[in-house]
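Text of input.cif (mmCIF, C-alpha atoms) as supplied:
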```
data_run
loop_
_atom_site.label_atom_id
_atom_site.label_comp_id
_atom_site.auth_asym_id
_atom_site.auth_seq_id
_atom_site.Cartn_x
_atom_site.Cartn_y
_atom_site.Cartn_z
CA MET H 588 75.33 49.89 -48.44
CA ALA H 589 74.65 49.76 -52.20
CA LYS H 590 77.88 47.82 -52.70
CA SER H 591 76.95 45.19 -50.14
CA VAL H 592 73.54 44.69 -51.75
CA SER H 593 75.17 44.31 -55.16
CA GLY H 594 77.61 41.77 -53.74
CA PHE H 595 74.73 39.82 -52.22
CA CYS H 596 73.02 39.62 -55.62
CA ARG H 597 76.19 38.37 -57.29
CA ALA H 598 76.94 35.78 -54.64
CA PHE H 599 73.41 34.54 -54.10
CA GLY H 600 71.68 35.21 -57.43
CA THR H 601 71.09 31.51 -58.10
CA ALA H 602 69.98 30.95 -54.53
CA ALA H 603 67.57 33.86 -54.88
CA ALA H 604 66.06 32.22 -57.94
CA VAL H 605 65.67 28.97 -56.05
CA MET H 606 64.01 30.80 -53.17
CA THR H 607 61.68 32.47 -55.67
CA LEU H 608 60.69 29.10 -57.09
CA ILE H 609 59.97 27.80 -53.60
CA SER H 610 57.77 30.78 -52.82
CA ILE H 611 55.89 30.36 -56.10
CA THR H 612 55.17 26.69 -55.56
CA ASN H 613 53.88 27.57 -52.08
CA PRO H 614 51.84 30.74 -52.73
CA ALA H 615 50.48 32.92 -49.96
CA LYS H 616 47.12 32.00 -48.52
CA ALA H 617 44.33 33.36 -50.65
CA ASP H 618 41.76 36.04 -50.01
CA ILE H 619 38.29 34.52 -49.68
CA THR H 620 35.49 36.67 -51.08
CA HIS H 621 31.80 36.34 -51.94
CA SER H 622 29.56 33.89 -50.10
CA VAL H 623 28.61 30.26 -50.50
CA TRP H 624 25.22 30.33 -52.22
CA MET H 625 22.48 27.74 -52.58
CA VAL H 626 19.27 28.38 -54.50
CA ALA H 627 16.46 25.84 -54.74
CA SER H 628 13.64 26.36 -57.26
CA ASN H 629 10.60 24.18 -57.94
CA ALA H 630 8.40 23.65 -60.97
CA ASP H 631 5.88 26.36 -60.07
CA GLY H 632 8.61 29.01 -60.08
CA THR H 633 9.16 29.32 -56.34
CA SER H 634 12.82 30.13 -55.66
CA ILE H 635 14.44 30.03 -52.20
CA PRO H 636 17.97 31.46 -51.84
CA TYR H 637 20.25 30.74 -48.91
CA TYR H 638 23.84 31.77 -48.32
CA TRP H 639 26.67 31.38 -45.87
CA THR H 640 28.82 34.47 -45.35
CA CYS H 641 32.55 33.96 -45.78
CA PRO H 642 35.21 35.96 -43.93
CA ASP H 643 35.65 38.69 -46.53
CA SER H 644 39.15 39.75 -47.57
CA GLN H 645 41.00 37.71 -44.96
CA GLN H 646 44.10 35.78 -45.95
CA HIS H 647 43.74 32.23 -44.66
CA ASP H 648 42.43 28.81 -45.51
CA TRP H 649 38.72 28.41 -44.82
CA TYR H 650 36.53 25.42 -44.05
CA TYR H 651 32.78 25.49 -43.47
CA GLU H 652 30.25 22.72 -43.06
CA ASN H 653 26.51 23.05 -42.55
CA SER H 654 25.26 19.58 -41.70
CA GLY H 655 22.07 18.23 -40.16
CA THR H 656 18.81 17.96 -42.09
CA TRP H 657 16.90 21.21 -42.61
CA GLN H 658 14.32 22.46 -45.06
CA MET H 659 14.34 25.35 -47.49
CA VAL H 660 10.80 26.74 -47.20
CA THR H 661 8.78 29.64 -48.58
CA PRO H 662 7.81 32.55 -46.28
CA THR H 663 4.46 30.79 -45.80
CA GLY H 664 6.14 27.57 -44.69
CA VAL H 665 5.80 25.51 -47.88
CA PRO H 666 8.84 23.20 -48.23
CA VAL H 667 10.75 23.46 -51.50
CA ALA H 668 13.77 21.25 -50.76
CA THR H 669 15.60 19.45 -47.98
CA VAL H 670 19.31 19.96 -47.37
CA SER H 671 21.56 17.60 -45.39
CA LEU H 672 24.99 19.00 -46.18
CA VAL H 673 26.81 21.94 -47.70
CA ARG H 674 30.58 21.92 -47.28
CA ILE H 675 33.25 24.25 -48.65
CA ASP H 676 36.98 23.80 -48.15
CA ILE H 677 39.31 26.48 -49.57
CA HIS H 678 43.10 26.30 -49.51
CA GLY H 679 45.77 28.79 -50.48
CA ASP H 680 47.50 26.12 -52.61
CA PRO H 681 45.15 27.19 -54.35
CA GLN H 682 42.28 24.71 -54.16
CA VAL H 683 38.48 24.76 -53.88
CA ASN H 684 36.50 21.75 -52.64
CA LEU H 685 32.68 21.81 -52.70
CA SER H 686 30.22 19.15 -51.44
CA PHE H 687 26.45 18.87 -50.90
CA ALA H 688 23.56 16.54 -50.06
CA VAL H 689 19.99 17.54 -51.00
CA GLN H 690 16.51 16.16 -51.63
CA ALA H 691 13.96 17.52 -54.08
CA GLY H 692 10.51 18.61 -52.98
CA ALA H 693 7.14 17.40 -54.26
CA SER H 694 7.97 18.58 -57.78
CA ALA H 695 11.16 18.60 -59.83
CA THR H 696 13.60 20.88 -58.02
CA SER H 697 16.54 22.84 -59.41
CA PHE H 698 19.59 23.44 -57.24
CA THR H 699 22.41 25.92 -57.76
CA ILE H 700 25.33 25.74 -55.33
CA LEU H 701 28.20 28.22 -55.67
CA SER H 702 31.51 28.09 -53.83
CA ALA H 703 33.16 31.22 -52.46
CA LEU H 704 35.86 32.85 -54.60
CA ASN H 705 39.45 31.82 -53.90
CA ASP H 706 41.32 35.03 -54.82
CA PHE H 707 45.10 34.67 -55.08
CA SER H 708 45.67 37.80 -57.18
CA ALA H 709 48.30 38.97 -54.68
CA THR H 710 50.43 36.02 -55.83
CA PRO H 711 49.11 35.20 -59.33
CA ILE H 712 50.06 32.03 -61.17
CA VAL H 713 51.52 32.21 -64.69
CA GLY H 714 50.35 29.30 -66.85
CA GLY H 715 49.07 27.18 -63.98
CA THR H 716 48.17 23.52 -64.27
CA ALA H 717 44.53 22.76 -63.42
CA THR H 718 43.01 19.50 -62.23
CA THR H 719 39.46 18.83 -61.13
CA SER H 720 37.15 15.93 -60.35
CA ALA H 721 33.49 15.72 -59.41
CA SER H 722 31.04 12.98 -58.54
CA ILE H 723 27.31 12.80 -57.76
CA SER H 724 25.27 9.95 -56.30
CA LEU H 725 21.56 9.74 -57.14
CA THR H 726 18.97 8.02 -54.93
CA ASP H 727 15.40 7.06 -55.80
CA SER H 728 14.10 8.25 -52.42
CA ASN H 729 10.40 7.91 -53.23
CA PHE H 730 10.89 4.35 -54.58
CA ASN H 731 8.94 4.93 -57.79
CA GLY H 732 11.67 3.47 -59.99
CA ILE H 733 12.35 6.81 -61.68
CA SER H 734 15.21 9.11 -60.74
CA THR H 735 16.95 11.63 -62.94
CA LEU H 736 19.49 14.40 -62.53
CA THR H 737 19.60 16.94 -65.34
CA GLY H 738 22.64 19.18 -65.64
CA ASP H 739 21.68 22.88 -65.81
CA ILE H 740 25.07 24.19 -67.01
CA GLY H 741 24.77 23.53 -70.72
CA GLY H 742 23.80 19.94 -69.99
CA PHE H 743 26.41 19.48 -67.24
CA ALA H 744 25.99 19.57 -63.46
CA TYR H 745 29.42 20.93 -62.44
CA ARG H 746 31.66 23.79 -63.56
CA ALA H 747 35.14 24.94 -62.54
CA ALA H 748 36.22 28.47 -63.53
CA TYR H 749 39.05 30.94 -63.03
CA ASN H 750 39.60 34.68 -63.50
CA GLY H 751 36.05 35.55 -62.51
CA TYR H 752 33.35 34.24 -60.18
CA VAL H 753 31.22 31.36 -61.48
CA PRO H 754 29.08 31.18 -63.52
CA GLY H 755 31.15 34.00 -65.02
CA GLY H 756 34.90 34.07 -65.52
CA THR H 757 36.80 31.68 -67.77
CA THR H 758 35.48 28.12 -67.73
CA TYR H 759 38.17 25.55 -67.13
CA THR H 760 35.83 22.59 -67.51
CA SER H 761 32.24 21.39 -67.16
CA LEU H 762 31.68 17.87 -65.83
CA ILE H 763 28.92 15.31 -65.15
CA PRO H 764 26.33 15.27 -67.94
CA SER H 765 22.70 14.45 -67.14
CA PHE H 766 22.16 10.90 -65.90
CA SER H 767 19.61 8.51 -64.39
CA THR H 768 21.86 5.83 -62.95
CA ALA H 769 22.98 5.45 -59.34
CA ALA H 770 26.06 7.63 -59.70
CA SER H 771 28.21 9.59 -62.12
CA SER H 772 31.73 10.93 -61.86
CA SER H 773 34.29 12.51 -64.14
CA ASN H 774 37.54 14.43 -64.01
CA ALA H 775 39.72 16.73 -66.07
CA GLY H 776 43.41 17.47 -66.20
CA PRO H 777 46.09 18.03 -65.53
CA ASP H 778 45.81 20.80 -68.12
CA LEU H 779 48.10 23.76 -68.70
CA LEU H 780 46.07 26.98 -68.55
CA PRO H 781 46.86 29.93 -70.85
CA GLY H 782 47.93 33.32 -69.50
CA THR H 783 47.88 34.25 -65.81
CA GLN H 784 45.41 33.00 -63.20
CA PHE H 785 44.19 35.28 -60.40
CA ASP H 786 41.29 33.42 -58.76
CA MET H 787 39.15 30.29 -58.93
CA SER H 788 35.68 29.03 -57.99
CA SER H 789 33.29 26.16 -58.71
CA MET H 790 29.60 25.35 -58.77
CA PHE H 791 26.97 22.62 -59.05
CA ALA H 792 23.70 23.29 -60.90
CA PHE H 793 21.14 20.60 -61.71
CA THR H 794 17.46 19.66 -61.63
CA LEU H 795 16.45 16.67 -59.52
CA SER H 796 13.33 14.52 -60.07
CA PRO H 797 10.58 14.84 -57.42
CA ARG H 798 11.35 13.55 -53.90
CA ASP H 799 14.68 12.09 -55.03
CA SER H 800 18.04 12.74 -53.39
CA ALA H 801 21.51 13.60 -54.61
CA SER H 802 24.87 14.04 -52.94
CA GLY H 803 28.06 15.25 -54.57
CA THR H 804 31.63 16.19 -53.96
CA SER H 805 34.29 17.97 -55.99
CA THR H 806 37.86 19.16 -55.86
CA TYR H 807 39.51 21.79 -58.06
CA GLU H 808 43.17 22.77 -57.94
CA ILE H 809 45.50 25.09 -59.85
CA VAL H 810 49.22 24.70 -59.26
CA PRO H 811 52.16 26.63 -60.74
CA SER H 812 53.67 25.00 -63.78
CA PRO H 813 57.46 24.57 -63.95
CA ALA H 814 57.60 26.92 -66.95
CA GLY H 815 55.73 29.68 -65.12
CA ALA H 816 57.89 29.24 -62.03
CA VAL H 817 61.07 29.51 -64.07
CA LEU H 818 59.84 32.70 -65.73
CA LEU H 819 59.16 34.35 -62.38
CA GLY H 820 62.43 33.00 -61.04
CA MET H 821 64.28 34.60 -63.94
CA GLY H 822 62.47 37.82 -63.12
CA GLY H 823 64.01 37.68 -59.64
CA LEU H 824 67.48 37.25 -61.13
CA ALA H 825 66.93 40.13 -63.54
CA SER H 826 65.96 42.34 -60.62
CA CYS H 827 69.20 41.51 -58.85
CA ARG H 828 71.19 42.33 -61.98
CA ARG H 829 69.48 45.70 -62.33
CA ARG H 830 70.25 46.57 -58.73
CA ARG H 831 73.90 45.57 -59.22
CA ARG H 832 74.24 48.00 -62.11
#
```

Whole structure, structure tokens version:
Amino acid sequence: MAKSVSGFCRAFGTAAAVMTLISITNPAKADITHSVWMVASNADGTSIPYYWTCPDSQQHDWYYENSGTWQMVTPTGVPVATVSLVRIDIHGDPQVNLSFAVQAGASATSFTILSALNDFSATPIVGGTATTSASISLTDSNFNGISTLTGDIGGFAYRAAYNGYVPGGTTYTSLIPSFSTAASSSNAGPDLLPGTQFDMSSMFAFTLSPRDSASGTSTYEIVPSPAGAVLLGMGGLASCRRRRR
């Protein structure tokens, strides 16, 4: 039996490397951990958290959308913010897409929206290439001629991270600085990331002027780089050679 295995490695070593590259560029579906979180806080310090539970430690793509207007209120029924949409779309590619639509309450309102964690540590990526884009539209909903969105992540409203759950982990990029126009959008990448990537997540965090509305969408992707794929492919060949000996 050992001889036949050795012969297989000799005859199909190159094919094995090719198969390895194919498997790397199409990684297994990721584990999805943590929950999708939204926290709304107003100027008097009232903070209302809300979360959507994700299917913990299950390997599959996951899509969730909470649509339809509803209010985030205090236990005594005082409205803090209005939410029209929270959407999360996670793929094993791996990719994380996060969208929202909210309206501030009677005072300036801060929003923090965290995606779930896309954990692909079972099939890590060596030196992946990251790309992300984000956009936010701002509406003067109370028609007072003043509308502002202030980024709460070091002056930015969006962050994409890897190797740790946002706002922790390693920051890939922060996008969308504070603005007062109708809309703002920006993107980053493709950029080669250093080391090995095991997971990814994203977040929005900003303060919205009273009674005004904002809606945003984002996409964040990490794909294997050719160099990383070749390294792992060579590892498969080396394994065959060791078994042959």

Phe793 (chain H) surroundings by all atoms listed in the file, 7 Å radius, close-in-sequence under 5 positions cut, as a list of chain:residue names =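 After dropping sequence-adjacent residues, the list is H:Ser697, H:Phe698, H:Thr699, H:Leu736, H:Thr737, H:Gly738, H:Asp739, H:Ala744.
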
Apply the PyMOL selection byres ((chain H and resi 779) around 12) to the file shown and report the selected residues as a ChimeraX atom specification.
-> /H:712-718,759,775-778,780-784,808-815

When you draw a straight line from CA of Ile635 (chain H) to CA of Asp648 (chain H), how long is it in Å?
->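 Interatomic distance, CA of Ile635 (chain H) to CA of Asp648 (chain H): 28.8 Å.
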
Residues within 6 Å of (26.1, 13.5, -51.3), counting all atoms listed in the file, listed as a PyMOL selection string | chain H and resi 687-688+801-803

I need the residues from that last selection saved to file as an mmCIF file, in the coordinates of the input (with C-alpha atoms), if you can.
```
data_model
loop_
_atom_site.group_PDB
_atom_site.id
_atom_site.type_symbol
_atom_site.label_atom_id
_atom_site.label_comp_id
_atom_site.auth_asym_id
_atom_site.auth_seq_id
_atom_site.Cartn_x
_atom_site.Cartn_y
_atom_site.Cartn_z
ATOM 1 C CA PHE H 687 26.450 18.870 -50.900
ATOM 2 C CA ALA H 688 23.560 16.540 -50.060
ATOM 3 C CA ALA H 801 21.510 13.600 -54.610
ATOM 4 C CA SER H 802 24.870 14.040 -52.940
ATOM 5 C CA GLY H 803 28.060 15.250 -54.570
#
```

Find the residues near Tyr807 (chain H): any atom within 12 Å, counting all atoms listed in the file, skip ones fewer than 5 places away on the same chain, and give them as an NGL selection string.
-> :H and (675-678 or 680-686 or 702 or 705 or 716-721 or 745-749 or 759-762 or 774-778 or 786-790)

Check the smallest atom-to-atom distance from each of H:Ala703, H:Ala769, H:Ala693, H:Val753 to Ser734 (chain H) using all atoms listed in the file, then report the winner.
->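 For Ser734 (chain H), the nearest of the given residues is H:Ala769.
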
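Of the listed residues (H:Asn653, H:Asn729, H:Thr620, H:Ser772), H:Ser772 comes nearest to Thr804 (chain H); the distances count only C-alpha atoms.
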
Using all atoms listed in the file, find the one residue out of H:Tyr638, H:Phe707, H:Phe785, H:Phe730 that sits nearest to Asp618 (chain H).
-> H:Phe707
